[in-house]
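> File data-v8.cif follows (mmCIF, C-alpha atoms and all ligand atoms):
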data_structure
#
loop_
_atom_site.label_atom_id
_atom_site.label_comp_id
_atom_site.auth_asym_id
_atom_site.auth_seq_id
_atom_site.Cartn_x
_atom_site.Cartn_y
_atom_site.Cartn_z
CA MET A 29 161.91 164.97 102.92
CA THR A 30 162.05 162.56 100.05
CA ILE A 31 164.43 160.15 98.41
CA LEU A 32 164.47 159.17 94.75
CA VAL A 33 164.72 155.40 94.27
CA THR A 34 165.23 154.05 90.75
CA GLY A 35 164.26 150.52 89.78
CA GLY A 36 161.93 150.29 92.76
CA ALA A 37 159.54 147.83 91.07
CA GLY A 38 162.29 145.23 90.69
CA PHE A 39 163.45 142.62 93.16
CA ILE A 40 165.83 144.48 95.48
CA GLY A 41 164.33 147.94 94.88
CA SER A 42 160.84 146.83 95.94
CA ASN A 43 162.19 145.12 99.05
CA PHE A 44 164.08 148.34 99.82
CA ILE A 45 160.99 150.54 99.44
CA LEU A 46 158.81 148.24 101.58
CA ASP A 47 161.51 148.19 104.26
CA TRP A 48 162.06 151.96 104.01
CA LEU A 49 158.38 152.86 104.39
CA ALA A 50 158.02 150.41 107.29
CA GLN A 51 160.80 152.21 109.16
CA SER A 52 160.50 155.88 108.33
CA ASP A 53 158.02 158.61 107.46
CA GLU A 54 160.20 159.89 104.68
CA GLY A 55 158.62 159.63 101.23
CA VAL A 56 159.94 157.76 98.21
CA ILE A 57 159.74 158.74 94.54
CA ASP A 58 160.08 155.51 92.62
CA LEU A 59 161.27 155.90 89.01
CA ASP A 60 160.99 152.62 87.14
CA LEU A 61 160.65 151.86 83.44
CA LEU A 62 158.68 148.67 84.15
CA THR A 63 160.72 146.44 81.89
CA TYR A 64 159.90 142.72 82.04
CA ALA A 65 161.62 142.72 85.48
CA GLY A 66 159.49 145.52 86.94
CA ASN A 67 156.38 144.29 88.68
CA LEU A 68 153.94 146.56 90.49
CA ASP A 69 152.57 143.54 92.36
CA ASN A 70 155.79 143.76 94.40
CA LEU A 71 154.57 147.11 95.73
CA ALA A 72 150.94 146.12 96.34
CA ALA A 73 151.35 146.73 100.10
CA VAL A 74 152.12 150.44 99.50
CA ARG A 75 149.77 151.05 96.57
CA ASN A 76 147.60 153.40 98.65
CA ASP A 77 150.40 154.88 100.71
CA ASP A 78 150.74 158.63 100.01
CA ARG A 79 154.42 158.48 100.87
CA HIS A 80 155.09 156.36 97.77
CA VAL A 81 154.92 158.12 94.40
CA PHE A 82 155.40 155.82 91.43
CA VAL A 83 156.62 157.28 88.13
CA GLN A 84 156.93 155.06 85.09
CA GLY A 85 159.95 156.20 83.11
CA ASP A 86 163.52 155.72 82.01
CA ILE A 87 166.54 156.80 84.06
CA GLY A 88 168.05 157.67 80.67
CA ASP A 89 165.28 160.21 79.96
CA LYS A 90 167.11 163.46 80.68
CA ASP A 91 164.04 165.73 80.74
CA LEU A 92 162.02 163.44 82.97
CA VAL A 93 164.85 162.99 85.45
CA ALA A 94 165.50 166.77 85.54
CA ARG A 95 161.78 167.36 86.15
CA LEU A 96 161.76 164.91 89.08
CA PHE A 97 164.74 166.64 90.69
CA ALA A 98 163.10 170.06 90.22
CA GLU A 99 159.71 168.92 91.50
CA TYR A 100 160.75 166.82 94.51
CA SER A 101 164.23 168.06 95.54
CA PRO A 102 165.20 164.59 96.82
CA ARG A 103 167.77 164.57 99.58
CA ALA A 104 169.22 161.35 98.12
CA VAL A 105 169.17 159.04 95.10
CA VAL A 106 169.43 155.27 95.47
CA ASN A 107 170.11 153.86 92.02
CA PHE A 108 168.89 150.27 91.65
CA ALA A 109 167.61 150.56 88.07
CA ALA A 110 169.48 148.18 85.80
CA GLU A 111 169.30 145.29 83.44
CA SER A 112 170.43 142.62 85.87
CA HIS A 113 170.46 139.13 84.34
CA VAL A 114 173.79 137.76 83.07
CA ASP A 115 172.20 135.25 80.65
CA ARG A 116 170.14 138.00 79.01
CA SER A 117 173.25 140.17 78.69
CA ILE A 118 174.94 137.37 76.75
CA HIS A 119 172.04 137.09 74.29
CA GLY A 120 171.30 140.83 73.98
CA PRO A 121 173.77 143.27 75.56
CA GLU A 122 172.36 146.50 74.09
CA ASP A 123 169.77 147.28 76.78
CA PHE A 124 172.49 146.71 79.39
CA MET A 125 174.65 149.41 77.87
CA ARG A 126 171.69 151.77 77.46
CA THR A 127 170.39 151.50 81.02
CA ASN A 128 173.40 150.55 83.10
CA LEU A 129 175.85 152.90 81.43
CA PHE A 130 173.94 155.69 79.72
CA GLY A 131 171.10 155.65 82.28
CA THR A 132 173.52 156.01 85.18
CA PHE A 133 175.32 158.79 83.32
CA THR A 134 172.02 160.65 82.81
CA LEU A 135 171.15 160.36 86.49
CA LEU A 136 174.60 161.58 87.51
CA GLU A 137 174.28 164.60 85.25
CA ALA A 138 170.88 165.47 86.69
CA ALA A 139 172.24 165.03 90.22
CA ARG A 140 175.20 167.27 89.42
CA ASN A 141 172.88 170.01 88.12
CA PHE A 142 170.67 169.64 91.18
CA ALA A 143 173.59 169.76 93.62
CA ALA A 144 174.65 173.04 91.99
CA THR A 145 171.24 174.72 92.53
CA GLY A 146 171.84 175.73 96.12
CA ALA A 147 168.46 174.29 97.23
CA PRO A 148 168.57 173.37 100.93
CA GLU A 149 168.19 169.64 100.14
CA ALA A 150 171.09 169.91 97.71
CA GLY A 151 173.41 170.79 100.63
CA ASN A 152 173.28 167.30 102.19
CA PHE A 153 172.53 165.48 98.97
CA ARG A 154 173.89 161.90 98.46
CA PHE A 155 173.91 159.66 95.41
CA LEU A 156 174.12 155.97 96.31
CA HIS A 157 174.91 153.66 93.42
CA VAL A 158 173.96 150.00 93.91
CA SER A 159 176.39 147.66 92.20
CA THR A 160 177.59 144.08 92.15
CA ASP A 161 180.60 141.97 93.15
CA GLU A 162 180.67 140.67 89.55
CA VAL A 163 182.72 143.73 88.53
CA TYR A 164 185.76 142.13 90.22
CA GLY A 165 185.71 139.09 87.92
CA SER A 166 186.25 135.50 88.99
CA LEU A 167 188.19 134.06 91.96
CA ALA A 168 190.25 130.86 92.10
CA PRO A 169 189.44 128.54 95.03
CA GLU A 170 192.56 129.64 96.93
CA ASP A 171 192.01 133.43 96.42
CA ALA A 172 190.96 135.72 99.25
CA PRO A 173 187.41 137.14 98.93
CA PHE A 174 186.98 140.40 97.00
CA SER A 175 187.86 143.51 98.96
CA GLU A 176 187.15 147.08 97.89
CA THR A 177 190.67 147.40 96.48
CA ASN A 178 190.45 144.41 94.12
CA ARG A 179 191.07 145.19 90.47
CA TYR A 180 188.03 145.44 88.20
CA GLU A 181 187.99 142.47 85.80
CA PRO A 182 184.40 142.09 84.55
CA ASN A 183 183.74 139.09 82.30
CA SER A 184 180.13 139.35 81.12
CA PRO A 185 178.38 142.18 79.26
CA TYR A 186 176.31 142.64 82.46
CA SER A 187 179.30 142.99 84.77
CA ALA A 188 181.15 145.15 82.23
CA SER A 189 178.21 147.55 82.04
CA LYS A 190 177.99 147.71 85.85
CA ALA A 191 181.77 148.22 86.07
CA GLY A 192 181.45 151.12 83.62
CA SER A 193 178.69 152.68 85.72
CA ASP A 194 180.82 152.35 88.88
CA HIS A 195 183.65 154.16 87.10
CA LEU A 196 181.31 156.98 86.08
CA VAL A 197 180.16 157.37 89.68
CA ARG A 198 183.76 157.50 90.85
CA ALA A 199 184.63 160.06 88.17
CA TYR A 200 181.76 162.34 89.21
CA PHE A 201 183.15 162.37 92.75
CA HIS A 202 186.71 163.12 91.72
CA THR A 203 185.92 165.56 88.91
CA TYR A 204 182.82 167.38 90.11
CA GLY A 205 182.79 166.63 93.84
CA LEU A 206 179.38 164.96 93.55
CA PRO A 207 178.65 163.34 96.94
CA VAL A 208 178.53 159.69 95.90
CA LEU A 209 178.65 156.28 97.59
CA THR A 210 178.98 152.91 95.86
CA THR A 211 178.03 149.48 97.18
CA ASN A 212 179.14 146.21 95.57
CA CYS A 213 177.03 143.32 96.75
CA SER A 214 177.05 139.56 96.29
CA ASN A 215 174.15 137.40 94.99
CA ASN A 216 170.82 138.22 96.62
CA TYR A 217 167.84 135.94 97.14
CA GLY A 218 164.46 136.37 98.83
CA PRO A 219 160.86 137.45 98.15
CA PHE A 220 159.92 139.05 94.79
CA GLN A 221 162.95 137.79 92.83
CA PHE A 222 162.08 137.29 89.17
CA PRO A 223 161.98 133.54 88.45
CA GLU A 224 164.80 133.64 85.88
CA LYS A 225 167.49 133.75 88.60
CA LEU A 226 168.78 130.53 90.13
CA VAL A 227 166.92 130.42 93.47
CA PRO A 228 163.37 131.34 92.36
CA LEU A 229 163.77 129.40 89.10
CA VAL A 230 164.66 126.23 90.98
CA ILE A 231 161.80 126.67 93.48
CA HIS A 232 159.31 127.28 90.67
CA ASN A 233 160.53 124.44 88.45
CA ALA A 234 160.59 122.00 91.37
CA LEU A 235 156.99 122.81 92.33
CA SER A 236 155.98 122.41 88.66
CA GLY A 237 157.80 119.05 88.35
CA LYS A 238 160.17 120.50 85.72
CA PRO A 239 163.94 119.85 85.39
CA LEU A 240 166.24 121.90 87.66
CA PRO A 241 168.97 123.10 85.24
CA ILE A 242 172.51 123.22 86.61
CA TYR A 243 175.01 124.92 84.29
CA GLY A 244 178.23 122.96 83.71
CA ASP A 245 179.45 120.96 86.70
CA GLY A 246 177.52 123.03 89.27
CA LYS A 247 180.68 123.73 91.26
CA GLN A 248 180.63 127.48 90.61
CA VAL A 249 180.53 129.33 93.91
CA ARG A 250 178.37 132.33 94.79
CA ASP A 251 178.20 134.21 98.11
CA TRP A 252 174.51 134.41 99.05
CA LEU A 253 172.86 137.31 100.90
CA TYR A 254 169.23 137.51 102.00
CA VAL A 255 167.69 140.58 100.36
CA THR A 256 166.58 142.40 103.52
CA ASP A 257 170.15 142.21 104.82
CA HIS A 258 171.21 143.99 101.61
CA CYS A 259 168.51 146.64 102.15
CA THR A 260 169.69 147.25 105.72
CA ALA A 261 173.26 147.61 104.50
CA ILE A 262 172.26 150.15 101.84
CA ARG A 263 170.35 152.19 104.40
CA ARG A 264 173.41 152.10 106.69
CA VAL A 265 175.73 153.28 103.90
CA LEU A 266 173.28 156.04 102.96
CA ASP A 267 173.12 157.21 106.59
CA ARG A 268 176.72 156.84 107.67
CA GLY A 269 178.94 156.05 104.69
CA ALA A 270 181.90 158.32 103.93
CA LEU A 271 181.45 160.20 100.65
CA GLY A 272 183.42 158.85 97.72
CA GLU A 273 183.85 155.47 99.43
CA VAL A 274 183.02 151.99 98.18
CA TYR A 275 181.52 149.35 100.49
CA ASN A 276 181.41 145.64 99.68
CA ILE A 277 178.32 143.87 101.01
CA GLY A 278 178.12 140.10 101.41
CA GLY A 279 176.69 137.37 103.57
CA TRP A 280 179.79 135.26 104.36
CA ASN A 281 177.77 132.44 102.79
CA GLU A 282 179.78 130.87 99.97
CA ARG A 283 178.02 127.88 98.40
CA PRO A 284 178.55 125.88 95.19
CA ASN A 285 175.45 126.04 92.96
CA ILE A 286 174.80 122.32 93.28
CA GLU A 287 174.67 122.65 97.07
CA VAL A 288 172.24 125.59 96.81
CA VAL A 289 169.93 123.51 94.62
CA GLN A 290 170.22 120.45 96.87
CA THR A 291 169.37 122.56 99.93
CA ILE A 292 166.29 123.98 98.19
CA CYS A 293 165.22 120.41 97.33
CA GLU A 294 165.67 119.24 100.93
CA VAL A 295 163.62 122.11 102.36
CA LEU A 296 160.89 121.53 99.76
CA ASP A 297 160.91 117.78 100.53
CA GLU A 298 160.12 118.74 104.11
CA LEU A 299 157.62 121.58 103.53
CA GLN A 300 155.79 120.29 100.45
CA PRO A 301 156.65 116.62 99.74
CA ARG A 302 156.10 115.36 96.19
CA SER A 303 153.06 113.13 95.74
CA GLY A 304 155.03 110.11 94.47
CA GLY A 305 157.37 110.19 97.47
CA GLN A 306 160.52 110.97 95.44
CA SER A 307 162.85 113.83 96.32
CA TYR A 308 162.80 117.04 94.30
CA ALA A 309 166.53 116.40 93.85
CA ASP A 310 165.60 113.74 91.25
CA LEU A 311 164.74 116.68 88.96
CA ILE A 312 168.33 118.02 88.94
CA THR A 313 169.61 118.10 85.35
CA PHE A 314 173.10 119.15 84.27
CA VAL A 315 172.94 121.36 81.16
CA LYS A 316 175.39 123.18 78.87
CA ASP A 317 177.50 125.74 80.72
CA ARG A 318 177.00 129.50 80.43
CA PRO A 319 179.66 131.08 78.15
CA GLY A 320 182.36 132.85 80.19
CA HIS A 321 180.82 131.52 83.42
CA ASP A 322 182.67 133.02 86.42
CA ARG A 323 183.89 130.26 88.72
CA ARG A 324 183.71 131.90 92.12
CA TYR A 325 182.52 135.12 93.75
CA ALA A 326 183.10 135.84 97.43
CA ILE A 327 182.88 139.09 99.35
CA ASP A 328 185.04 140.31 102.18
CA ALA A 329 182.47 142.41 104.04
CA SER A 330 184.78 143.44 106.87
CA LYS A 331 185.01 147.15 105.88
CA ILE A 332 181.28 147.79 106.24
CA GLU A 333 181.26 145.87 109.53
CA ARG A 334 184.31 147.69 110.93
CA GLU A 335 183.39 151.20 109.76
CA LEU A 336 179.59 151.16 109.78
CA GLY A 337 178.77 148.31 112.18
CA TRP A 338 176.70 146.30 109.67
CA ARG A 339 176.51 142.49 109.66
CA PRO A 340 173.91 140.26 108.00
CA LEU A 341 171.23 138.80 110.26
CA GLU A 342 170.39 135.74 108.14
CA THR A 343 172.53 132.69 107.49
CA PHE A 344 171.97 130.86 104.22
CA GLU A 345 169.98 128.19 106.07
CA THR A 346 167.57 130.66 107.73
CA GLY A 347 167.28 132.86 104.65
CA ILE A 348 166.61 130.07 102.17
CA ARG A 349 163.90 128.59 104.41
CA LYS A 350 162.17 132.00 104.66
CA THR A 351 162.46 132.42 100.90
CA ILE A 352 160.97 129.01 100.12
CA GLN A 353 158.14 129.63 102.56
CA TRP A 354 157.45 132.97 100.85
CA TYR A 355 157.28 131.37 97.39
CA LEU A 356 154.99 128.62 98.72
CA GLU A 357 152.66 131.24 100.20
CA ASN A 358 152.79 133.47 97.11
CA GLN A 359 152.15 131.05 94.26
CA THR A 360 149.81 133.55 92.59
CA TRP A 361 152.63 136.10 92.36
CA VAL A 362 154.71 133.55 90.43
CA ALA A 363 151.76 132.29 88.35
CA LYS A 364 151.03 135.83 87.13
CA ILE A 365 154.61 136.13 85.89
CA VAL A 366 154.53 132.73 84.24
CA ASP A 367 151.25 133.45 82.38
CA GLY A 368 152.23 137.06 81.65
CA SER A 369 149.22 138.61 83.41
CA TYR A 370 151.43 140.73 85.69
CA ARG A 371 152.13 142.81 82.57
CA THR A 372 148.47 143.20 81.63
CA TRP A 373 147.84 144.89 84.94
CA VAL A 374 150.80 147.18 84.46
CA GLU A 375 149.78 148.10 80.94
CA LYS A 376 146.22 148.92 81.99
CA GLN A 377 147.40 151.02 84.91
CA TYR A 378 150.06 152.99 83.07
CA ALA A 379 148.81 152.97 79.45
P1 LIG B 1 165.75 143.53 88.75
O1 LIG B 1 166.10 143.14 87.36
O2 LIG B 1 164.88 142.65 89.56
O3 LIG B 1 165.06 144.97 88.75
C1 LIG B 1 165.53 146.03 87.96
C2 LIG B 1 164.46 147.12 87.94
O4 LIG B 1 164.98 148.23 87.19
C3 LIG B 1 163.15 146.69 87.28
O5 LIG B 1 162.06 147.10 88.06
C4 LIG B 1 163.18 147.41 85.94
O6 LIG B 1 161.88 147.72 85.45
C5 LIG B 1 163.96 148.66 86.29
N1 LIG B 1 164.62 149.27 85.12
C6 LIG B 1 165.33 148.64 84.15
N2 LIG B 1 165.77 149.54 83.23
C7 LIG B 1 165.34 150.75 83.66
C8 LIG B 1 165.49 152.07 83.16
N3 LIG B 1 166.16 152.32 82.02
N4 LIG B 1 164.94 153.10 83.84
C9 LIG B 1 164.23 152.86 84.99
N5 LIG B 1 164.05 151.63 85.50
C10 LIG B 1 164.60 150.58 84.85
O7 LIG B 1 167.16 143.78 89.46
P2 LIG B 1 167.58 143.51 90.98
O8 LIG B 1 168.02 142.11 91.12
O9 LIG B 1 166.55 144.07 91.88
O10 LIG B 1 168.90 144.42 91.05
C11 LIG B 1 168.81 145.80 91.44
C12 LIG B 1 170.21 146.41 91.41
O11 LIG B 1 171.06 145.71 92.30
C13 LIG B 1 170.88 146.34 90.04
O12 LIG B 1 171.57 147.55 89.84
C14 LIG B 1 171.84 145.19 90.15
O13 LIG B 1 172.96 145.36 89.33
C15 LIG B 1 172.22 145.27 91.62
N6 LIG B 1 172.62 143.99 92.24
C16 LIG B 1 171.81 142.89 92.14
C17 LIG B 1 172.18 141.71 92.78
C18 LIG B 1 171.29 140.47 92.72
O14 LIG B 1 171.71 139.41 93.19
N7 LIG B 1 170.08 140.56 92.20
C19 LIG B 1 173.38 141.65 93.50
C20 LIG B 1 174.17 142.80 93.57
C21 LIG B 1 173.78 143.98 92.95
P1 LIG B 2 172.09 133.80 88.57
O1 LIG B 2 170.96 133.66 89.54
O2 LIG B 2 171.77 134.01 87.13
O3 LIG B 2 173.04 134.96 89.14
P2 LIG B 2 174.53 135.43 88.62
O4 LIG B 2 174.77 134.90 87.28
O5 LIG B 2 174.38 136.91 88.64
O6 LIG B 2 175.49 134.91 89.67
O7 LIG B 2 173.00 132.50 88.67
C1 LIG B 2 173.59 132.09 89.90
C2 LIG B 2 174.47 130.92 89.59
O8 LIG B 2 173.66 129.81 89.19
C3 LIG B 2 175.42 131.15 88.42
O9 LIG B 2 176.67 130.48 88.68
C4 LIG B 2 174.72 130.51 87.24
C5 LIG B 2 173.98 129.35 87.88
N1 LIG B 2 172.70 128.98 87.24
C6 LIG B 2 172.44 127.63 86.94
O10 LIG B 2 173.29 126.74 87.19
N2 LIG B 2 171.25 127.30 86.38
C7 LIG B 2 170.30 128.25 86.11
O11 LIG B 2 169.22 127.90 85.57
C8 LIG B 2 170.56 129.61 86.42
C9 LIG B 2 169.56 130.70 86.12
C10 LIG B 2 171.79 129.94 87.01
#
What do you get writing this file as structure tokens?
Ligand code: NAD
Ligand code: TYD

Amino acid sequence: MTILVTGGAGFIGSNFILDWLAQSDEGVIDLDLLTYAGNLDNLAAVRNDDRHVFVQGDIGDKDLVARLFAEYSPRAVVNFAAESHVDRSIHGPEDFMRTNLFGTFTLLEAARNFAATGAPEAGNFRFLHVSTDEVYGSLAPEDAPFSETNRYEPNSPYSASKAGSDHLVRAYFHTYGLPVLTTNCSNNYGPFQFPEKLVPLVIHNALSGKPLPIYGDGKQVRDWLYVTDHCTAIRRVLDRGALGEVYNIGGWNERPNIEVVQTICEVLDELQPRSGGQSYADLITFVKDRPGHDRRYAIDASKIERELGWRPLETFETGIRKTIQWYLENQTWVAKIVDGSYRTWVEKQYA
């Protein structure tokens, strides 16, 4: 038995594969284009594991995707592959449309053809689409957290492309009866997150003595979830979720950005004090706001708890400490991204 994971060399996908192979004997086919965000160092622990087959390629490559279905007959697809960074989507939205929209469409088509083959694996086949809470738009301080019935109101090219992909997944269920599941999750943090996102960027800049950029007034709120809690939730939805359903996943950990950055500085002050005795918080610098910056995201994760019995294990305090410890112990992983050598390895391996 095998599952097809897309985007498995990225942040959440690699955590998912490591977690999956630690818990089950079932193999994983990992289809990843290895964009700037894909990093095979994330999967170093399973490099020689026969259960992990890495394929460099595009989810939008119809022939390749069809070949993978024919060759491996996966019993499930977990679709992580995406362009995922809001700031990049503002400066260059095209790749977001290509991968998040057209790529998801291509995968759905291949899955539909596979499900129609009558192969034994096709009988219990499931397509799990990993999405974001950003599709619901922005909340006011007094609003209730997003539930699965909130209206879609995406505000960035990233969230609009993810919203479009969610709609395609829904349409394939209603029109073709494809057995799909969708998860919409809040902001993740943890090991292997590319240091362009807030948490790893702040840890890296602090340790390098660089400014810690806070967009606007820093009072935007995000709902933080430790990445392995997200992986456990996805596994739970894959195992027990009702077909055609949507599950919101969140950590019940709303924090303003400024508080997130201050907490990171406090933990770093304790674990790796600066040589001059100042706090890392002295590096905090308010910068120009992101255009269209959503004010608040918050997830009501009661459906997945009630129906599937999932709750996060980490609080923000425990998760952020683990994350900072991981980055302190894995400085080479970050250094290879900063100097670009993580790509050299990839290019040599898959030239
Ligand atoms: P990431 O940017 O770290 O990784 C994305 C991976 O997808 C990379 O390995 C990249 O090489 C690969 N990829 C990109 N385009 C591809 C293509 N056309 N074909 C095959 N592979 C391709 O992203 P992430 O943070 O791990 O997010 C994974 C998924 O989870 C995304 O769908 C994202 O929308 C969703 N999500 C992320 C968060 C978060 O906080 N990071 C929260 C909720 C949902
Ligand atoms: P980010 O990690 O990019 O995730 P998302 O935009 O998907 O929520 O950003 C998290 C929050 O932190 C968001 O409100 C933007 C803010 N932010 C900063 O203030 N400074 C930064 O340098 C970055 C990257 C983000």
> Please identify all polymer residues within 10 Å of Val74 in chain A, counting all atoms listed in the file, omitting same-chain residues fewer than 4 positions from it, and present them as a short mmCIF file (atom, residue, chain, number, x, y, z; two decimals) with C-alpha atoms, in the frame of the given file.

data_model
loop_
_atom_site.label_atom_id
_atom_site.label_comp_id
_atom_site.auth_asym_id
_atom_site.auth_seq_id
_atom_site.Cartn_x
_atom_site.Cartn_y
_atom_site.Cartn_z
CA ILE A 45 160.99 150.54 99.44
CA LEU A 46 158.81 148.24 101.58
CA LEU A 49 158.38 152.86 104.39
CA ALA A 50 158.02 150.41 107.29
CA LEU A 68 153.94 146.56 90.49
CA ASP A 69 152.57 143.54 92.36
CA ASN A 70 155.79 143.76 94.40
CA ASP A 78 150.74 158.63 100.01
CA ARG A 79 154.42 158.48 100.87
CA HIS A 80 155.09 156.36 97.77
CA VAL A 81 154.92 158.12 94.40
#
> So which one's closest to ligand LIG 2 (chain B), A:Val230, A:Leu71, A:Val265, A:Leu299? Using all atoms listed in the file, please.
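Under the stated criterion, the closest residue is A:Val230.
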> For a test of reading the model, state the distance in Å between CA of His157 in chain A and CA of Glu111 in chain A, rounded to one decimal.
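A separation of 14.2 Å between them.
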> Under the rule that all atoms listed in the file are counted, which of A:Cys259, A:Val114, A:Leu136, A:Ala65 is the nearest residue to ligand LIG 2 (chain B)?
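The answer is A:Val114, which sits nearest to ligand LIG 2 (chain B).
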> Tell me, in Å to one decimal, how far CA of Asn215 in chain A is from CA of Trp252 in chain A.
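Separation between CA of Asn215 in chain A and CA of Trp252 in chain A: 5.1 Å.
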> For ligand LIG 2 (chain B), collect every residue having any atom at a distance of at most 9 Å from a ligand atom (counting only C-alpha atoms and all ligand atoms); output as JSON, numbers by chain.
{"A": [112, 113, 114, 115, 160, 162, 186, 187, 214, 215, 216, 217, 223, 224, 225, 226, 227, 228, 229, 230, 240, 241, 242, 243, 244, 245, 246, 247, 248, 249, 250, 251, 284, 285, 286, 288, 289, 314, 315, 317, 318, 321, 322, 323, 324, 325]}
> Using all atoms listed in the file, what does the table of chain A residues within 6 Å of ligand LIG 1 (chain B) look like, with each row giving the shortest atom pair and its distance in Å to one decimal, sorted by chain and ascending number, as JSON lines?

{"residue": "A:Thr34", "atom": "CA", "partner": "B:LIG1", "partner_atom": "N5", "distance": 5.9}
{"residue": "A:Gly35", "atom": "CA", "partner": "B:LIG1", "partner_atom": "O4", "distance": 3.5}
{"residue": "A:Gly36", "atom": "CA", "partner": "B:LIG1", "partner_atom": "O5", "distance": 5.7}
{"residue": "A:Ala37", "atom": "CA", "partner": "B:LIG1", "partner_atom": "O5", "distance": 4.0}
{"residue": "A:Gly38", "atom": "CA", "partner": "B:LIG1", "partner_atom": "O5", "distance": 3.2}
{"residue": "A:Phe39", "atom": "CA", "partner": "B:LIG1", "partner_atom": "O9", "distance": 3.7}
{"residue": "A:Ile40", "atom": "CA", "partner": "B:LIG1", "partner_atom": "O9", "distance": 3.7}
{"residue": "A:Gly41", "atom": "CA", "partner": "B:LIG1", "partner_atom": "O9", "distance": 5.4}
{"residue": "A:Leu59", "atom": "CA", "partner": "B:LIG1", "partner_atom": "C9", "distance": 5.8}
{"residue": "A:Asp60", "atom": "CA", "partner": "B:LIG1", "partner_atom": "N5", "distance": 3.6}
{"residue": "A:Leu61", "atom": "CA", "partner": "B:LIG1", "partner_atom": "N5", "distance": 4.0}
{"residue": "A:Leu62", "atom": "CA", "partner": "B:LIG1", "partner_atom": "O6", "distance": 3.6}
{"residue": "A:Thr63", "atom": "CA", "partner": "B:LIG1", "partner_atom": "O6", "distance": 4.0}
{"residue": "A:Ala65", "atom": "CA", "partner": "B:LIG1", "partner_atom": "C3", "distance": 4.6}
{"residue": "A:Gly66", "atom": "CA", "partner": "B:LIG1", "partner_atom": "O5", "distance": 3.2}
{"residue": "A:Gly85", "atom": "CA", "partner": "B:LIG1", "partner_atom": "C9", "distance": 5.7}
{"residue": "A:Asp86", "atom": "CA", "partner": "B:LIG1", "partner_atom": "N4", "distance": 3.5}
{"residue": "A:Ile87", "atom": "CA", "partner": "B:LIG1", "partner_atom": "N4", "distance": 4.0}
{"residue": "A:Gly88", "atom": "CA", "partner": "B:LIG1", "partner_atom": "N3", "distance": 5.8}
{"residue": "A:Phe108", "atom": "CA", "partner": "B:LIG1", "partner_atom": "C12", "distance": 4.1}
{"residue": "A:Ala109", "atom": "CA", "partner": "B:LIG1", "partner_atom": "O4", "distance": 3.6}
{"residue": "A:Ala110", "atom": "CA", "partner": "B:LIG1", "partner_atom": "C6", "distance": 4.5}
{"residue": "A:Glu111", "atom": "CA", "partner": "B:LIG1", "partner_atom": "C6", "distance": 5.2}
{"residue": "A:Ser112", "atom": "CA", "partner": "B:LIG1", "partner_atom": "O1", "distance": 4.6}
{"residue": "A:Thr127", "atom": "CA", "partner": "B:LIG1", "partner_atom": "N3", "distance": 4.4}
{"residue": "A:Gly131", "atom": "CA", "partner": "B:LIG1", "partner_atom": "N3", "distance": 6.0}
{"residue": "A:Val158", "atom": "CA", "partner": "B:LIG1", "partner_atom": "O12", "distance": 5.3}
{"residue": "A:Ser159", "atom": "CA", "partner": "B:LIG1", "partner_atom": "C21", "distance": 4.6}
{"residue": "A:Thr160", "atom": "CA", "partner": "B:LIG1", "partner_atom": "C21", "distance": 3.9}
{"residue": "A:Cys213", "atom": "CA", "partner": "B:LIG1", "partner_atom": "C20", "distance": 4.3}
{"residue": "A:Ser214", "atom": "CA", "partner": "B:LIG1", "partner_atom": "C19", "distance": 5.1}
{"residue": "A:Asn215", "atom": "CA", "partner": "B:LIG1", "partner_atom": "O14", "distance": 3.6}
{"residue": "A:Asn216", "atom": "CA", "partner": "B:LIG1", "partner_atom": "O14", "distance": 3.7}
> Could you tell me which of A:Ala234, A:Leu271, A:Val56, A:Ile292 comes closest to Thr351 in chain A if we count only C-alpha atoms?
A:Ile292
> With distances taken over all atoms listed in the file, which residue among A:Thr291, A:Thr210, A:Ser369, A:Thr313 lies nearest Asn233 in chain A?
A:Thr313
> Return the padded bounding box of range 325-329 of chain A as lines of an AutoDock Vina configuration file: axis-aligned, built from all atoms listed in the file, 8 Å added on each side, with centre and edge lengths in Å to one decimal.

center_x = 183.8
center_y = 138.8
center_z = 98.9
size_x = 18.6
size_y = 23.3
size_z = 26.3
> Rank nothing, just name the residue among A:Lys90, A:His232, A:Met29, A:Gly320 nearest to Ser117 in chain A, using only C-alpha atoms.
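So, comparing all the options, the nearest one is A:Gly320.
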> Closest to Leu96 in chain A among A:Ala143, A:Ala72, A:Leu206, A:Ala138, using all atoms listed in the file?
A:Ala138
> Please measure the separation of CA of Leu296 in chain A and CA of Thr260 in chain A, giving the value in Å to one decimal.
27.8 Å
> Find the residues around Val105 in chain A up to 7 Å (all atoms listed in the file counted), leave out those fewer than 5 positions away in its own chain, and share them as a ChimeraX atom specification.
/A:31-33,154-156
> Show me the residues around (179.3, 133.9, 106.0) - criterion: an atom at most 12 Å away, all atoms listed in the file counted - as a PyMOL selection string.
chain A and resi 173+214+250-254+277-283+326-330+339-345
> What's around Asp297 in chain A at 9 Å? Count all atoms listed in the file, leave out sequence neighbours fewer than 6 positions away in its own chain, and write the answer as a ChimeraX atom specification.
/A:305-309
